[in-house]
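Engineer: One structure, pasted below without further comment.
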2 protein chains.
Amino acid sequence: MQVEILPQLACLCASLNRATRSVTHLYERALETSVPRFTLLYLLGQQSMVQAQIAELLTIDRTTLTRTLASLERQGLIRAAPGKDKRERRWSLTSDGRKALARILPKWEKAQARFRKRLGAERWEVLIAELTNVAAAARMRATDGVDRFRPRKTAPPRL
Amino acid sequence: MQVEILPQLACLCASLNRATRSVTHLYERALETSVPRFTLLYLLGQQSMVQAQIAELLTIDRTTLTRTLASLERQGLIRAAPGKDKRERRWSLTSDGRKALARILPKWEKAQARFRKRLGAERWEVLIAELTNVAAAARMRATDGVDRFRPRKTAPPRL
DNA sequence: GTTCAATACGTGTATATACACGTATTGGGC
DNA sequence: GCCCAATACGTGTATATACACGTATTGAAC
């Protein structure tokens, strides 16, 4: 039951979902952890963040994030501190979390380098930029008047 | 906690996951069903297929597919027939399934048209082709000798 | 025909995802 | 101060995802 060539899909969303399943599988083999968990560790390794801010940046549902963060907290990898606003939870890595991230980072970098080489540096960069555009375009409120997404002239900051 | 601009992510896999969450959310609002379920109905609307073949085409884990197909079968939308090989299950739409697909298709086409307009036809087409390439590249066996993905010169068939 | 590795599929379990709904805090209008 | 809509977060429930493991069938080697 071998599929010789991979057909294109008419649905952009189905194309995205398929590519994500395929690539996520590749990364998770290399990382020995799940991509969502690594993504959170990596992000919090850059800077501590309030929960709602993480949800927006990664476009993760608020309630999904609650459980994944709770799980990382149970593992002792992250810790929450209340902000001035007592409703907020500001998350940061614990020292165990930093150690775990340090162990995973080289594996992630290898996976990135391998797949980047496989695709070619040019396509890789274009792809990341385009995926950021697509994520932003899908979040666009339909009632904005213009139903046309305009990519930024200056590249957005990279995290 | 509003994020003014969406930053790029260093991780290609995280970029893919974020874009997929964002776009899937958009489509599911429009479809009033889940994207995986619609994708299966759409595919089986084109042609009946054996389970393992579906798994490969959509790069869905075999065991995930078992449950989603079972759910659609419980709803009476699809039906399995055994092949000559008694291990195989060949799936096709029931008449209820064809009706359901007919109801959903216009909504899907509207969602596609809207988002395609938003992105622009050119970027849309390039994106679907690239996502197909990426899915194929990630499936490439590392031991193929060449660790370099070559896109096909002739576009693959579209389903 | 018998044996056995490969193939097609299912089940138990765990995380990821997201909707509906609920609680606590904040800040502005009065 | 009081009221109340908005905000930040959690819980119950359902589907999606995928690994480890198990069963049935096939086909080829002998």
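Ordering of the structure tokens sets the chain letters (A, B, ...), residue numbers begin anew at 1 in every chain, and ligands are numbered from 1 in the order given.
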Chain A residues within 12 Å of chain D, counting only C-alpha atoms (C1' of nucleotides): which ones, as a PyMOL selection string?

Structural biologist: chain A and resi 17+20-22+24-25+28-29+34+50-53+55+62-67+70+82-83+85-90

Engineer: Generate a file of the selected residues that holds N, CA and C atoms, formatted as a PDB file, in the first residue's frame.

Structural biologist:
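As a result, out.pdb now contains:
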ATOM      1  N   ASN A  17      -2.491  20.876   7.485  1.00  0.00           N
ATOM      2  CA  ASN A  17      -2.578  19.828   8.499  1.00  0.00           C
ATOM      3  C   ASN A  17      -1.677  18.646   8.154  1.00  0.00           C
ATOM      4  N   THR A  20       1.986  19.570   8.587  1.00  0.00           N
ATOM      5  CA  THR A  20       2.292  19.688  10.018  1.00  0.00           C
ATOM      6  C   THR A  20       2.437  18.323  10.666  1.00  0.00           C
ATOM      7  N   ARG A  21       1.525  17.401  10.345  1.00  0.00           N
ATOM      8  CA  ARG A  21       1.654  16.053  10.906  1.00  0.00           C
ATOM      9  C   ARG A  21       2.982  15.425  10.490  1.00  0.00           C
ATOM     10  N   SER A  22       3.322  15.603   9.227  1.00  0.00           N
ATOM     11  CA  SER A  22       4.532  14.988   8.694  1.00  0.00           C
ATOM     12  C   SER A  22       5.784  15.546   9.361  1.00  0.00           C
ATOM     13  N   THR A  24       5.973  17.407  12.146  1.00  0.00           N
ATOM     14  CA  THR A  24       5.950  17.241  13.600  1.00  0.00           C
ATOM     15  C   THR A  24       6.467  15.859  13.974  1.00  0.00           C
ATOM     16  N   HIS A  25       6.064  14.859  13.198  1.00  0.00           N
ATOM     17  CA  HIS A  25       6.529  13.508  13.449  1.00  0.00           C
ATOM     18  C   HIS A  25       8.049  13.445  13.372  1.00  0.00           C
ATOM     19  N   GLU A  28       9.578  15.254  16.420  1.00  0.00           N
ATOM     20  CA  GLU A  28       9.387  14.581  17.713  1.00  0.00           C
ATOM     21  C   GLU A  28      10.278  13.355  17.840  1.00  0.00           C
ATOM     22  N   ARG A  29      10.585  12.733  16.713  1.00  0.00           N
ATOM     23  CA  ARG A  29      11.553  11.642  16.735  1.00  0.00           C
ATOM     24  C   ARG A  29      12.908  12.148  17.214  1.00  0.00           C
ATOM     25  N   SER A  34       7.487  16.249  22.982  1.00  0.00           N
ATOM     26  CA  SER A  34       6.494  16.733  22.023  1.00  0.00           C
ATOM     27  C   SER A  34       6.855  18.142  21.570  1.00  0.00           C
ATOM     28  N   VAL A  50       3.472  36.194  30.303  1.00  0.00           N
ATOM     29  CA  VAL A  50       2.147  35.997  30.890  1.00  0.00           C
ATOM     30  C   VAL A  50       1.366  35.027  30.009  1.00  0.00           C
ATOM     31  N   GLN A  51       0.534  34.221  30.646  1.00  0.00           N
ATOM     32  CA  GLN A  51      -0.149  33.126  29.960  1.00  0.00           C
ATOM     33  C   GLN A  51      -0.905  33.564  28.704  1.00  0.00           C
ATOM     34  N   ALA A  52      -1.662  34.637  28.807  1.00  0.00           N
ATOM     35  CA  ALA A  52      -2.474  35.091  27.674  1.00  0.00           C
ATOM     36  C   ALA A  52      -1.589  35.541  26.517  1.00  0.00           C
ATOM     37  N   GLN A  53      -0.422  36.042  26.861  1.00  0.00           N
ATOM     38  CA  GLN A  53       0.535  36.499  25.841  1.00  0.00           C
ATOM     39  C   GLN A  53       1.096  35.302  25.073  1.00  0.00           C
ATOM     40  N   ALA A  55      -0.425  32.471  24.657  1.00  0.00           N
ATOM     41  CA  ALA A  55      -1.528  31.959  23.843  1.00  0.00           C
ATOM     42  C   ALA A  55      -1.635  32.734  22.536  1.00  0.00           C
ATOM     43  N   ARG A  62      -6.440  29.212  24.749  1.00  0.00           N
ATOM     44  CA  ARG A  62      -6.191  29.513  26.150  1.00  0.00           C
ATOM     45  C   ARG A  62      -6.290  28.282  27.042  1.00  0.00           C
ATOM     46  N   THR A  63      -7.327  27.502  26.819  1.00  0.00           N
ATOM     47  CA  THR A  63      -7.585  26.368  27.710  1.00  0.00           C
ATOM     48  C   THR A  63      -6.643  25.197  27.420  1.00  0.00           C
ATOM     49  N   THR A  64      -6.189  25.107  26.175  1.00  0.00           N
ATOM     50  CA  THR A  64      -5.180  24.106  25.845  1.00  0.00           C
ATOM     51  C   THR A  64      -3.893  24.428  26.580  1.00  0.00           C
ATOM     52  N   LEU A  65      -3.568  25.711  26.555  1.00  0.00           N
ATOM     53  CA  LEU A  65      -2.331  26.171  27.173  1.00  0.00           C
ATOM     54  C   LEU A  65      -2.336  25.906  28.672  1.00  0.00           C
ATOM     55  N   THR A  66      -3.480  26.128  29.302  1.00  0.00           N
ATOM     56  CA  THR A  66      -3.605  25.878  30.741  1.00  0.00           C
ATOM     57  C   THR A  66      -3.098  24.484  31.098  1.00  0.00           C
ATOM     58  N   ARG A  67      -3.524  23.500  30.313  1.00  0.00           N
ATOM     59  CA  ARG A  67      -3.176  22.116  30.672  1.00  0.00           C
ATOM     60  C   ARG A  67      -1.734  21.761  30.338  1.00  0.00           C
ATOM     61  N   ALA A  70       0.399  23.404  32.931  1.00  0.00           N
ATOM     62  CA  ALA A  70       0.246  22.684  34.195  1.00  0.00           C
ATOM     63  C   ALA A  70       1.091  21.417  34.201  1.00  0.00           C
ATOM     64  N   PRO A  82       2.629  35.301  40.221  1.00  0.00           N
ATOM     65  CA  PRO A  82       1.532  36.231  39.983  1.00  0.00           C
ATOM     66  C   PRO A  82       2.097  37.608  39.641  1.00  0.00           C
ATOM     67  N   GLY A  83       1.422  38.331  38.761  1.00  0.00           N
ATOM     68  CA  GLY A  83       1.842  39.690  38.418  1.00  0.00           C
ATOM     69  C   GLY A  83       1.202  40.687  39.367  1.00  0.00           C
ATOM     70  N   ASP A  85      -1.254  42.421  38.530  1.00  0.00           N
ATOM     71  CA  ASP A  85      -2.628  41.976  38.297  1.00  0.00           C
ATOM     72  C   ASP A  85      -2.742  40.535  38.783  1.00  0.00           C
ATOM     73  N   LYS A  86      -3.534  40.338  39.831  1.00  0.00           N
ATOM     74  CA  LYS A  86      -3.572  39.021  40.473  1.00  0.00           C
ATOM     75  C   LYS A  86      -4.205  37.944  39.601  1.00  0.00           C
ATOM     76  N   ARG A  87      -4.840  38.351  38.493  1.00  0.00           N
ATOM     77  CA  ARG A  87      -5.423  37.345  37.612  1.00  0.00           C
ATOM     78  C   ARG A  87      -4.347  36.694  36.750  1.00  0.00           C
ATOM     79  N   GLU A  88      -3.278  37.435  36.519  1.00  0.00           N
ATOM     80  CA  GLU A  88      -2.255  36.964  35.580  1.00  0.00           C
ATOM     81  C   GLU A  88      -1.317  35.924  36.189  1.00  0.00           C
ATOM     82  N   ARG A  89      -0.802  35.061  35.318  1.00  0.00           N
ATOM     83  CA  ARG A  89       0.261  34.135  35.721  1.00  0.00           C
ATOM     84  C   ARG A  89       1.428  34.332  34.775  1.00  0.00           C
ATOM     85  N   ARG A  90       2.543  34.745  35.352  1.00  0.00           N
ATOM     86  CA  ARG A  90       3.750  34.944  34.548  1.00  0.00           C
ATOM     87  C   ARG A  90       4.642  33.725  34.670  1.00  0.00           C
TER      88      ARG A  90
END

Engineer: In chain B, what's strand (DSSP E) per DSSP? Answer as a VMD selection string?

Structural biologist: chain B and resid 49 to 50 78 to 82 89 to 93

Engineer: Mind fitting chain A to chain B by least squares on all Cα atoms in order and giving back the moved coordinates as a PDB file with C-alpha atoms, in the first residue's frame?

Structural biologist:
ATOM      1  CA  MET A   1      -2.906  41.364  26.283  1.00  0.00           C
ATOM      2  CA  GLN A   2      -3.104  42.161  22.587  1.00  0.00           C
ATOM      3  CA  VAL A   3      -0.205  41.089  20.349  1.00  0.00           C
ATOM      4  CA  GLU A   4       0.227  43.884  17.819  1.00  0.00           C
ATOM      5  CA  ILE A   5       2.456  42.012  15.371  1.00  0.00           C
ATOM      6  CA  LEU A   6       2.967  38.267  15.056  1.00  0.00           C
ATOM      7  CA  PRO A   7       6.673  37.439  15.440  1.00  0.00           C
ATOM      8  CA  GLN A   8       8.327  34.796  13.300  1.00  0.00           C
ATOM      9  CA  LEU A   9       9.348  31.612  15.079  1.00  0.00           C
ATOM     10  CA  ALA A  10      12.831  30.163  14.743  1.00  0.00           C
ATOM     11  CA  CYS A  11      11.428  26.631  14.603  1.00  0.00           C
ATOM     12  CA  LEU A  12       9.920  25.574  11.279  1.00  0.00           C
ATOM     13  CA  CYS A  13       7.823  22.962  13.023  1.00  0.00           C
ATOM     14  CA  ALA A  14       6.441  25.475  15.492  1.00  0.00           C
ATOM     15  CA  SER A  15       5.684  27.803  12.562  1.00  0.00           C
ATOM     16  CA  LEU A  16       3.773  25.037  10.833  1.00  0.00           C
ATOM     17  CA  ASN A  17       1.870  24.116  13.966  1.00  0.00           C
ATOM     18  CA  ARG A  18       0.902  27.715  14.659  1.00  0.00           C
ATOM     19  CA  ALA A  19      -0.246  28.397  11.118  1.00  0.00           C
ATOM     20  CA  THR A  20      -2.226  25.162  11.108  1.00  0.00           C
ATOM     21  CA  ARG A  21      -3.983  25.993  14.369  1.00  0.00           C
ATOM     22  CA  SER A  22      -4.826  29.440  13.058  1.00  0.00           C
ATOM     23  CA  VAL A  23      -6.141  28.338   9.668  1.00  0.00           C
ATOM     24  CA  THR A  24      -7.899  25.252  11.015  1.00  0.00           C
ATOM     25  CA  HIS A  25      -9.792  27.447  13.444  1.00  0.00           C
ATOM     26  CA  LEU A  26     -10.909  29.659  10.560  1.00  0.00           C
ATOM     27  CA  TYR A  27     -12.077  26.719   8.464  1.00  0.00           C
ATOM     28  CA  GLU A  28     -13.869  24.949  11.289  1.00  0.00           C
ATOM     29  CA  ARG A  29     -15.878  28.072  11.996  1.00  0.00           C
ATOM     30  CA  ALA A  30     -17.024  28.031   8.381  1.00  0.00           C
ATOM     31  CA  LEU A  31     -17.475  24.282   7.944  1.00  0.00           C
ATOM     32  CA  GLU A  32     -19.365  23.598  11.150  1.00  0.00           C
ATOM     33  CA  THR A  33     -17.484  20.328  11.309  1.00  0.00           C
ATOM     34  CA  SER A  34     -13.896  19.380  12.033  1.00  0.00           C
ATOM     35  CA  VAL A  35     -11.280  19.647   9.304  1.00  0.00           C
ATOM     36  CA  PRO A  36     -10.158  16.003   9.645  1.00  0.00           C
ATOM     37  CA  ARG A  37     -13.738  14.794   9.206  1.00  0.00           C
ATOM     38  CA  PHE A  38     -14.375  17.041   6.228  1.00  0.00           C
ATOM     39  CA  THR A  39     -11.074  16.033   4.653  1.00  0.00           C
ATOM     40  CA  LEU A  40     -12.059  12.378   4.822  1.00  0.00           C
ATOM     41  CA  LEU A  41     -15.543  12.986   3.445  1.00  0.00           C
ATOM     42  CA  TYR A  42     -14.091  15.050   0.624  1.00  0.00           C
ATOM     43  CA  LEU A  43     -11.494  12.412  -0.241  1.00  0.00           C
ATOM     44  CA  LEU A  44     -13.987   9.551  -0.193  1.00  0.00           C
ATOM     45  CA  GLY A  45     -16.287  11.712  -2.292  1.00  0.00           C
ATOM     46  CA  GLN A  46     -13.637  11.586  -5.004  1.00  0.00           C
ATOM     47  CA  GLN A  47     -13.026   7.839  -4.805  1.00  0.00           C
ATOM     48  CA  SER A  48     -13.385   4.912  -2.473  1.00  0.00           C
ATOM     49  CA  MET A  49     -10.115   4.001  -0.784  1.00  0.00           C
ATOM     50  CA  VAL A  50      -8.493   1.358   1.325  1.00  0.00           C
ATOM     51  CA  GLN A  51      -7.705   2.464   4.865  1.00  0.00           C
ATOM     52  CA  ALA A  52      -3.914   2.214   4.614  1.00  0.00           C
ATOM     53  CA  GLN A  53      -4.006   4.220   1.395  1.00  0.00           C
ATOM     54  CA  ILE A  54      -5.919   7.048   3.092  1.00  0.00           C
ATOM     55  CA  ALA A  55      -3.401   7.052   5.921  1.00  0.00           C
ATOM     56  CA  GLU A  56      -0.523   7.440   3.478  1.00  0.00           C
ATOM     57  CA  LEU A  57      -2.148  10.088   1.293  1.00  0.00           C
ATOM     58  CA  LEU A  58      -3.079  12.285   4.229  1.00  0.00           C
ATOM     59  CA  THR A  59      -0.102  11.231   6.347  1.00  0.00           C
ATOM     60  CA  ILE A  60      -2.425  10.379   9.202  1.00  0.00           C
ATOM     61  CA  ASP A  61      -1.355   7.806  11.716  1.00  0.00           C
ATOM     62  CA  ARG A  62      -3.031   4.473  11.046  1.00  0.00           C
ATOM     63  CA  THR A  63      -4.534   4.227  14.502  1.00  0.00           C
ATOM     64  CA  THR A  64      -5.825   7.791  14.441  1.00  0.00           C
ATOM     65  CA  LEU A  65      -7.569   7.021  11.199  1.00  0.00           C
ATOM     66  CA  THR A  66      -9.200   3.915  12.659  1.00  0.00           C
ATOM     67  CA  ARG A  67     -11.065   5.995  15.216  1.00  0.00           C
ATOM     68  CA  THR A  68     -12.047   8.891  12.992  1.00  0.00           C
ATOM     69  CA  LEU A  69     -13.379   6.520  10.328  1.00  0.00           C
ATOM     70  CA  ALA A  70     -15.238   4.551  12.992  1.00  0.00           C
ATOM     71  CA  SER A  71     -16.852   7.756  14.171  1.00  0.00           C
ATOM     72  CA  LEU A  72     -17.957   8.725  10.655  1.00  0.00           C
ATOM     73  CA  GLU A  73     -19.267   5.190  10.215  1.00  0.00           C
ATOM     74  CA  ARG A  74     -21.291   5.438  13.438  1.00  0.00           C
ATOM     75  CA  GLN A  75     -22.832   8.610  12.021  1.00  0.00           C
ATOM     76  CA  GLY A  76     -23.811   6.622   8.934  1.00  0.00           C
ATOM     77  CA  LEU A  77     -21.755   8.825   6.610  1.00  0.00           C
ATOM     78  CA  ILE A  78     -19.301   6.202   5.365  1.00  0.00           C
ATOM     79  CA  ARG A  79     -19.251   2.434   4.957  1.00  0.00           C
ATOM     80  CA  ALA A  80     -16.500  -0.164   4.729  1.00  0.00           C
ATOM     81  CA  ALA A  81     -16.427  -3.092   2.334  1.00  0.00           C
ATOM     82  CA  PRO A  82     -13.874  -5.889   2.608  1.00  0.00           C
ATOM     83  CA  GLY A  83     -11.550  -6.266  -0.387  1.00  0.00           C
ATOM     84  CA  LYS A  84     -10.307  -9.479  -1.923  1.00  0.00           C
ATOM     85  CA  ASP A  85      -7.671  -9.244   0.755  1.00  0.00           C
ATOM     86  CA  LYS A  86      -9.771  -9.852   3.850  1.00  0.00           C
ATOM     87  CA  ARG A  87      -7.494  -7.680   5.975  1.00  0.00           C
ATOM     88  CA  GLU A  88      -8.337  -4.577   3.982  1.00  0.00           C
ATOM     89  CA  ARG A  89     -11.239  -2.200   4.512  1.00  0.00           C
ATOM     90  CA  ARG A  90     -12.319  -0.189   1.514  1.00  0.00           C
ATOM     91  CA  TRP A  91     -14.239   2.913   2.550  1.00  0.00           C
ATOM     92  CA  SER A  92     -16.831   4.840   0.568  1.00  0.00           C
ATOM     93  CA  LEU A  93     -19.572   7.373   1.215  1.00  0.00           C
ATOM     94  CA  THR A  94     -23.094   6.261   2.028  1.00  0.00           C
ATOM     95  CA  SER A  95     -25.975   8.223   0.514  1.00  0.00           C
ATOM     96  CA  ASP A  96     -26.215  10.100   3.815  1.00  0.00           C
ATOM     97  CA  GLY A  97     -22.517  10.806   3.489  1.00  0.00           C
ATOM     98  CA  ARG A  98     -23.009  12.220  -0.001  1.00  0.00           C
ATOM     99  CA  LYS A  99     -25.812  14.424   1.281  1.00  0.00           C
ATOM    100  CA  ALA A 100     -23.687  15.654   4.173  1.00  0.00           C
ATOM    101  CA  LEU A 101     -20.802  16.389   1.829  1.00  0.00           C
ATOM    102  CA  ALA A 102     -23.140  18.273  -0.504  1.00  0.00           C
ATOM    103  CA  ARG A 103     -24.257  20.439   2.421  1.00  0.00           C
ATOM    104  CA  ILE A 104     -20.700  21.169   3.546  1.00  0.00           C
ATOM    105  CA  LEU A 105     -19.056  21.709   0.154  1.00  0.00           C
ATOM    106  CA  PRO A 106     -20.497  25.194  -0.505  1.00  0.00           C
ATOM    107  CA  LYS A 107     -19.313  26.354   2.926  1.00  0.00           C
ATOM    108  CA  TRP A 108     -15.870  24.940   2.251  1.00  0.00           C
ATOM    109  CA  GLU A 109     -15.722  26.616  -1.150  1.00  0.00           C
ATOM    110  CA  LYS A 110     -16.660  29.936   0.393  1.00  0.00           C
ATOM    111  CA  ALA A 111     -13.972  29.560   3.033  1.00  0.00           C
ATOM    112  CA  GLN A 112     -11.431  28.635   0.391  1.00  0.00           C
ATOM    113  CA  ALA A 113     -12.390  31.532  -1.857  1.00  0.00           C
ATOM    114  CA  ARG A 114     -12.306  34.031   0.981  1.00  0.00           C
ATOM    115  CA  PHE A 115      -8.913  32.971   2.245  1.00  0.00           C
ATOM    116  CA  ARG A 116      -7.526  32.619  -1.253  1.00  0.00           C
ATOM    117  CA  LYS A 117      -8.550  36.171  -2.004  1.00  0.00           C
ATOM    118  CA  ARG A 118      -7.035  37.310   1.248  1.00  0.00           C
ATOM    119  CA  LEU A 119      -3.658  35.735   0.414  1.00  0.00           C
ATOM    120  CA  GLY A 120      -3.754  36.323  -3.324  1.00  0.00           C
ATOM    121  CA  ALA A 121      -4.101  33.568  -5.940  1.00  0.00           C
ATOM    122  CA  GLU A 122      -0.391  33.382  -6.679  1.00  0.00           C
ATOM    123  CA  ARG A 123       0.747  32.934  -3.076  1.00  0.00           C
ATOM    124  CA  TRP A 124      -2.094  30.504  -2.494  1.00  0.00           C
ATOM    125  CA  GLU A 125      -1.008  28.186  -5.294  1.00  0.00           C
ATOM    126  CA  VAL A 126       2.658  28.369  -4.354  1.00  0.00           C
ATOM    127  CA  LEU A 127       1.757  27.632  -0.766  1.00  0.00           C
ATOM    128  CA  ILE A 128      -0.217  24.493  -1.543  1.00  0.00           C
ATOM    129  CA  ALA A 129       2.593  23.223  -3.755  1.00  0.00           C
ATOM    130  CA  GLU A 130       5.203  24.009  -1.113  1.00  0.00           C
ATOM    131  CA  LEU A 131       3.233  22.347   1.657  1.00  0.00           C
ATOM    132  CA  THR A 132       2.985  19.231  -0.474  1.00  0.00           C
ATOM    133  CA  ASN A 133       6.745  19.371  -0.970  1.00  0.00           C
ATOM    134  CA  VAL A 134       7.334  19.831   2.740  1.00  0.00           C
ATOM    135  CA  ALA A 135       5.101  16.896   3.629  1.00  0.00           C
ATOM    136  CA  ALA A 136       6.945  14.740   1.113  1.00  0.00           C
ATOM    137  CA  ALA A 137      10.348  15.948   2.280  1.00  0.00           C
ATOM    138  CA  ALA A 138       9.602  15.123   5.896  1.00  0.00           C
ATOM    139  CA  ARG A 139       8.595  11.580   4.898  1.00  0.00           C
ATOM    140  CA  MET A 140      11.883  11.064   3.046  1.00  0.00           C
ATOM    141  CA  ARG A 141      13.849   8.238   4.552  1.00  0.00           C
ATOM    142  CA  ALA A 142      17.066   9.618   5.993  1.00  0.00           C
ATOM    143  CA  THR A 143      18.972   6.607   4.655  1.00  0.00           C
ATOM    144  CA  ASP A 144      18.207   7.331   1.035  1.00  0.00           C
ATOM    145  CA  GLY A 145      21.783   8.370   0.413  1.00  0.00           C
ATOM    146  CA  VAL A 146      20.826  11.872  -0.644  1.00  0.00           C
ATOM    147  CA  ASP A 147      19.505  14.014   2.185  1.00  0.00           C
ATOM    148  CA  ARG A 148      18.247  16.614  -0.207  1.00  0.00           C
ATOM    149  CA  PHE A 149      14.667  16.983  -1.337  1.00  0.00           C
ATOM    150  CA  ARG A 150      14.064  17.619  -5.021  1.00  0.00           C
ATOM    151  CA  PRO A 151      10.624  18.928  -5.938  1.00  0.00           C
ATOM    152  CA  ARG A 152       8.998  17.151  -8.887  1.00  0.00           C
ATOM    153  CA  LYS A 153       9.338  18.847 -12.266  1.00  0.00           C
ATOM    154  CA  THR A 154       5.752  17.997 -13.167  1.00  0.00           C
ATOM    155  CA  ALA A 155       3.178  18.978 -10.593  1.00  0.00           C
ATOM    156  CA  PRO A 156       1.707  16.002  -8.730  1.00  0.00           C
ATOM    157  CA  PRO A 157      -1.994  15.246  -9.312  1.00  0.00           C
ATOM    158  CA  ARG A 158      -4.371  17.193  -7.097  1.00  0.00           C
ATOM    159  CA  LEU A 159      -7.048  15.588  -4.963  1.00  0.00           C
TER     160      LEU A 159
END

Engineer: Counting only C-alpha atoms (C1' of nucleotides), collect the residues of chain C whose closest atom lies at most 12 Å from chain B, and write them out as an mmCIF file with N, CA and C atoms (P, O5', C5', C4', C3', O3' and C1' of nucleotides), in the first residue's frame.

Structural biologist:
data_model
loop_
_atom_site.group_PDB
_atom_site.id
_atom_site.type_symbol
_atom_site.label_atom_id
_atom_site.label_comp_id
_atom_site.auth_asym_id
_atom_site.auth_seq_id
_atom_site.Cartn_x
_atom_site.Cartn_y
_atom_site.Cartn_z
ATOM 1 P P DT C 7 5.862 -5.308 4.434
ATOM 2 O "O5'" DT C 7 4.279 -5.424 4.576
ATOM 3 C "C5'" DT C 7 3.566 -6.229 3.650
ATOM 4 C "C4'" DT C 7 2.118 -6.323 4.064
ATOM 5 C "C3'" DT C 7 1.465 -4.979 4.385
ATOM 6 O "O3'" DT C 7 0.310 -4.826 3.574
ATOM 7 C "C1'" DT C 7 0.986 -6.584 6.055
ATOM 8 P P DA C 8 -0.511 -3.429 3.574
ATOM 9 O "O5'" DA C 8 -1.719 -3.727 4.557
ATOM 10 C "C5'" DA C 8 -2.760 -4.607 4.150
ATOM 11 C "C4'" DA C 8 -3.868 -4.582 5.180
ATOM 12 C "C3'" DA C 8 -4.273 -3.175 5.639
ATOM 13 O "O3'" DA C 8 -5.685 -3.048 5.582
ATOM 14 C "C1'" DA C 8 -3.703 -4.515 7.509
ATOM 15 P P DC C 9 -6.366 -1.642 5.995
ATOM 16 O "O5'" DC C 9 -6.731 -1.865 7.534
ATOM 17 C "C5'" DC C 9 -7.593 -2.950 7.877
ATOM 18 C "C4'" DC C 9 -7.547 -3.184 9.365
ATOM 19 C "C3'" DC C 9 -7.930 -1.998 10.246
ATOM 20 O "O3'" DC C 9 -9.266 -2.170 10.710
ATOM 21 C "C1'" DC C 9 -6.133 -3.314 11.142
ATOM 22 P P DG C 10 -9.838 -1.114 11.819
ATOM 23 O "O5'" DG C 10 -9.457 -1.762 13.227
ATOM 24 C "C5'" DG C 10 -9.987 -3.041 13.578
ATOM 25 C "C4'" DG C 10 -9.641 -3.388 15.021
ATOM 26 C "C3'" DG C 10 -10.077 -2.352 16.062
ATOM 27 O "O3'" DG C 10 -10.653 -3.021 17.181
ATOM 28 C "C1'" DG C 10 -7.745 -2.717 16.240
ATOM 29 P P DT C 11 -11.278 -2.184 18.416
ATOM 30 O "O5'" DT C 11 -10.114 -2.165 19.520
ATOM 31 C "C5'" DT C 11 -9.623 -3.389 20.026
ATOM 32 C "C4'" DT C 11 -8.747 -3.134 21.256
ATOM 33 C "C3'" DT C 11 -9.291 -2.082 22.238
ATOM 34 O "O3'" DT C 11 -9.009 -2.533 23.559
ATOM 35 C "C1'" DT C 11 -7.162 -1.426 21.503
ATOM 36 P P DG C 12 -9.526 -1.699 24.849
ATOM 37 O "O5'" DG C 12 -8.165 -1.135 25.460
ATOM 38 C "C5'" DG C 12 -7.139 -2.040 25.843
ATOM 39 C "C4'" DG C 12 -5.974 -1.302 26.491
ATOM 40 C "C3'" DG C 12 -6.372 -0.202 27.481
ATOM 41 O "O3'" DG C 12 -5.463 -0.216 28.586
ATOM 42 C "C1'" DG C 12 -5.112 0.749 25.721
ATOM 43 P P DA C 16 1.168 17.759 25.344
ATOM 44 O "O5'" DA C 16 0.061 17.938 24.201
ATOM 45 C "C5'" DA C 16 0.349 17.463 22.904
ATOM 46 C "C4'" DA C 16 -0.664 17.993 21.914
ATOM 47 C "C3'" DA C 16 -1.060 19.455 22.078
ATOM 48 O "O3'" DA C 16 -1.192 20.022 20.774
ATOM 49 C "C1'" DA C 16 -2.994 18.122 22.254
ATOM 50 P P DT C 17 -1.468 21.591 20.555
ATOM 51 O "O5'" DT C 17 -3.038 21.688 20.371
ATOM 52 C "C5'" DT C 17 -3.652 21.076 19.249
ATOM 53 C "C4'" DT C 17 -5.148 21.138 19.407
ATOM 54 C "C3'" DT C 17 -5.697 22.510 19.800
ATOM 55 O "O3'" DT C 17 -6.221 23.143 18.658
ATOM 56 C "C1'" DT C 17 -6.810 20.687 20.900
ATOM 57 P P DA C 18 -6.706 24.691 18.758
ATOM 58 O "O5'" DA C 18 -8.184 24.563 19.328
ATOM 59 C "C5'" DA C 18 -9.164 23.872 18.576
ATOM 60 C "C4'" DA C 18 -10.454 23.827 19.381
ATOM 61 C "C3'" DA C 18 -10.866 25.169 19.992
ATOM 62 O "O3'" DA C 18 -12.269 25.306 19.891
ATOM 63 C "C1'" DA C 18 -10.852 23.550 21.625
ATOM 64 P P DC C 19 -12.925 26.688 19.410
ATOM 65 O "O5'" DC C 19 -14.456 26.570 19.881
ATOM 66 C "C5'" DC C 19 -15.227 25.462 19.467
ATOM 67 C "C4'" DC C 19 -16.108 24.966 20.599
ATOM 68 C "C3'" DC C 19 -16.868 26.077 21.329
ATOM 69 O "O3'" DC C 19 -18.267 25.838 21.254
ATOM 70 C "C1'" DC C 19 -15.820 24.599 22.862
#

Engineer: According to DSSP computed on the backbone, where in chain B is there alpha helix (DSSP H)? Give the residues as an MDAnalysis selection string.

Structural biologist: chainID B and resid 12:31 35:46 51:58 62:74 95:119 121:139
